[in-house]
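One structure is given here, and the rest of the page talks about it.
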Amino acid sequence: MLSSSFDWDEIDALIAILHAQGVCYLLSNGTSVSQEDDVVDSVQVVLRLASCGYPLVENASISLFLLRPELAPAIVQALQHAKAETAENIAVVTLATLYLQQWWFFRLTLALGRLPGFPETPFVSLWQERHLPSPDAGYGMDGLLALQAYQQQRYGIALNFLDDWQNQINHLLAQEEAHQHVLSEEVKETLVRLSK
């Protein structure tokens, strides 16, 4: 959870990597000018984010996963290779991503200019093993509330995790809405069909 001391160089490097991947709303101190950011392995990025100990950056994985759904195989690999605590952190942000994607489906579509595409199939075991709702239960809100309760029990403290996760979505929506993406006719038709 929240560490008493942080590796600020690592956090700054992670923010630079997130910027390179399109998550541009986090501010760094600007000391990380590493050239590694263009060639960092996706599995390592997922692992590093989940183990940085700084919730604002760790939870930015949610925005990264929504922007880059093609990272799903790297997330699966990271889950398989991570130590227990890091794997659990990856599982939590992955579940939060799935639940938030459902809850904000229409607005995310408008903001991104495409249907949100973070896949559920590779991660079914994550909610099943933790006895949490599927992402489509209550449009994702049932899962978000259950995941928050799970985290509160995990850490033994009644923190408001939901606000931290929602904060990521708020920033991502603002970032992407500023781009004014244009929806294709196919996406518009899909939205109309789903809203009936």
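Residues in the structure tokens are named by chain (A, B, ... in the order shown) and by number from 1 within that chain; ligands are numbered from 1 in the order shown.
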
message: If we count only C-alpha atoms and set the cut-off at 6 Å, which residues sit around region 59-71 of chain A, ignoring sequence neighbours fewer than 2 positions away in its own chain? Please answer as a ChimeraX atom specification.
response: /A:55-57,73-74,93,97,117-118

field: Residues within 12 Å of Asp142 (chain A), only C-alpha atoms, excluding chain neighbours under 2 positions, as a list in words
entry: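 Residues near the query, excluding close chain neighbours: Leu95, Ala96, Leu98, Tyr99, Leu100, Gln102, Trp103, Trp127, Leu132, Pro133, Ser134, Pro135, Asp136, Ala137, Gly138, Tyr139, Gly140, Leu144, Leu145, Ala146, Leu147, Gln148, Ala149 and Leu162 of chain A.
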
Please produce a file of those selected residues containing N, CA and C atoms, as a PDB file, in the first residue's frame.
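again.pdb, written as the output of this step:
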ATOM      1  N   LEU A  95      -8.915  -5.388 -12.279  1.00  0.00           N
ATOM      2  CA  LEU A  95     -10.344  -5.462 -11.974  1.00  0.00           C
ATOM      3  C   LEU A  95     -10.975  -4.069 -11.953  1.00  0.00           C
ATOM      4  N   ALA A  96     -10.285  -3.112 -11.359  1.00  0.00           N
ATOM      5  CA  ALA A  96     -10.805  -1.739 -11.347  1.00  0.00           C
ATOM      6  C   ALA A  96     -10.987  -1.233 -12.774  1.00  0.00           C
ATOM      7  N   LEU A  98     -11.620  -3.051 -15.486  1.00  0.00           N
ATOM      8  CA  LEU A  98     -12.787  -3.723 -16.075  1.00  0.00           C
ATOM      9  C   LEU A  98     -14.093  -3.136 -15.552  1.00  0.00           C
ATOM     10  N   TYR A  99     -14.160  -2.896 -14.254  1.00  0.00           N
ATOM     11  CA  TYR A  99     -15.389  -2.351 -13.670  1.00  0.00           C
ATOM     12  C   TYR A  99     -15.632  -0.914 -14.127  1.00  0.00           C
ATOM     13  N   LEU A 100     -14.590  -0.097 -14.129  1.00  0.00           N
ATOM     14  CA  LEU A 100     -14.738   1.292 -14.565  1.00  0.00           C
ATOM     15  C   LEU A 100     -15.066   1.380 -16.053  1.00  0.00           C
ATOM     16  N   GLN A 102     -16.928  -0.632 -17.681  1.00  0.00           N
ATOM     17  CA  GLN A 102     -18.375  -0.860 -17.783  1.00  0.00           C
ATOM     18  C   GLN A 102     -19.162   0.352 -17.297  1.00  0.00           C
ATOM     19  N   TRP A 103     -18.762   0.902 -16.155  1.00  0.00           N
ATOM     20  CA  TRP A 103     -19.508   2.012 -15.564  1.00  0.00           C
ATOM     21  C   TRP A 103     -19.462   3.261 -16.442  1.00  0.00           C
ATOM     22  N   TRP A 127     -11.821 -12.113 -10.877  1.00  0.00           N
ATOM     23  CA  TRP A 127     -12.994 -11.837 -10.036  1.00  0.00           C
ATOM     24  C   TRP A 127     -13.576 -13.112  -9.445  1.00  0.00           C
ATOM     25  N   LEU A 132     -15.823 -11.899  -6.418  1.00  0.00           N
ATOM     26  CA  LEU A 132     -16.312 -10.571  -6.755  1.00  0.00           C
ATOM     27  C   LEU A 132     -17.268 -10.679  -7.944  1.00  0.00           C
ATOM     28  N   PRO A 133     -18.130  -9.681  -8.128  1.00  0.00           N
ATOM     29  CA  PRO A 133     -19.065  -9.706  -9.268  1.00  0.00           C
ATOM     30  C   PRO A 133     -18.326  -9.619 -10.601  1.00  0.00           C
ATOM     31  N   SER A 134     -18.989 -10.079 -11.647  1.00  0.00           N
ATOM     32  CA  SER A 134     -18.434  -9.908 -12.993  1.00  0.00           C
ATOM     33  C   SER A 134     -18.573  -8.437 -13.382  1.00  0.00           C
ATOM     34  N   PRO A 135     -17.802  -7.977 -14.352  1.00  0.00           N
ATOM     35  CA  PRO A 135     -17.857  -6.557 -14.730  1.00  0.00           C
ATOM     36  C   PRO A 135     -19.226  -6.075 -15.194  1.00  0.00           C
ATOM     37  N   ASP A 136     -20.050  -6.959 -15.727  1.00  0.00           N
ATOM     38  CA  ASP A 136     -21.351  -6.496 -16.214  1.00  0.00           C
ATOM     39  C   ASP A 136     -22.423  -6.411 -15.121  1.00  0.00           C
ATOM     40  N   ALA A 137     -22.129  -6.860 -13.908  1.00  0.00           N
ATOM     41  CA  ALA A 137     -23.091  -6.781 -12.810  1.00  0.00           C
ATOM     42  C   ALA A 137     -23.249  -5.327 -12.375  1.00  0.00           C
ATOM     43  N   GLY A 138     -24.458  -4.817 -12.497  1.00  0.00           N
ATOM     44  CA  GLY A 138     -24.714  -3.431 -12.104  1.00  0.00           C
ATOM     45  C   GLY A 138     -23.908  -2.435 -12.906  1.00  0.00           C
ATOM     46  N   TYR A 139     -23.636  -2.766 -14.183  1.00  0.00           N
ATOM     47  CA  TYR A 139     -22.844  -1.907 -15.072  1.00  0.00           C
ATOM     48  C   TYR A 139     -21.458  -1.606 -14.509  1.00  0.00           C
ATOM     49  N   GLY A 140     -20.932  -2.515 -13.705  1.00  0.00           N
ATOM     50  CA  GLY A 140     -19.603  -2.346 -13.146  1.00  0.00           C
ATOM     51  C   GLY A 140     -19.590  -1.795 -11.727  1.00  0.00           C
ATOM     52  N   LEU A 144     -17.126  -2.534  -8.466  1.00  0.00           N
ATOM     53  CA  LEU A 144     -16.308  -1.482  -7.858  1.00  0.00           C
ATOM     54  C   LEU A 144     -16.503  -1.431  -6.341  1.00  0.00           C
ATOM     55  N   LEU A 145     -17.753  -1.507  -5.917  1.00  0.00           N
ATOM     56  CA  LEU A 145     -18.028  -1.464  -4.478  1.00  0.00           C
ATOM     57  C   LEU A 145     -17.475  -2.701  -3.779  1.00  0.00           C
ATOM     58  N   ALA A 146     -17.625  -3.860  -4.425  1.00  0.00           N
ATOM     59  CA  ALA A 146     -17.098  -5.098  -3.833  1.00  0.00           C
ATOM     60  C   ALA A 146     -15.572  -5.086  -3.814  1.00  0.00           C
ATOM     61  N   LEU A 147     -14.956  -4.539  -4.860  1.00  0.00           N
ATOM     62  CA  LEU A 147     -13.492  -4.456  -4.911  1.00  0.00           C
ATOM     63  C   LEU A 147     -12.967  -3.510  -3.833  1.00  0.00           C
ATOM     64  N   GLN A 148     -13.680  -2.417  -3.614  1.00  0.00           N
ATOM     65  CA  GLN A 148     -13.281  -1.503  -2.543  1.00  0.00           C
ATOM     66  C   GLN A 148     -13.359  -2.209  -1.186  1.00  0.00           C
ATOM     67  N   ALA A 149     -14.434  -2.942  -0.947  1.00  0.00           N
ATOM     68  CA  ALA A 149     -14.566  -3.680   0.314  1.00  0.00           C
ATOM     69  C   ALA A 149     -13.448  -4.712   0.449  1.00  0.00           C
ATOM     70  N   LEU A 162     -12.304   3.718  -4.022  1.00  0.00           N
ATOM     71  CA  LEU A 162     -13.135   4.045  -5.179  1.00  0.00           C
ATOM     72  C   LEU A 162     -12.829   5.448  -5.696  1.00  0.00           C
TER      73      LEU A 162
END

- prompt: Which residue out of A:Glu88, A:Glu58, A:Glu120, A:Glu189 has the minimum interatomic distance to Ala72 (chain A) when only C-alpha atoms are used?
  reply: A:Glu120

- request: Find the residue from A:Thr109, A:Val40, A:Cys52, A:Ala82 that sits nearest to Glu177 (chain A); use only C-alpha atoms when measuring.
  value: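 Smallest separation from Glu177 (chain A) among the options: A:Thr109.
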
query: Hey, can you check how far CA of Ala20 (chain A) sits from CA of Ile90 (chain A)?
result: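 Between these atoms lies a distance of 20.3 Å.
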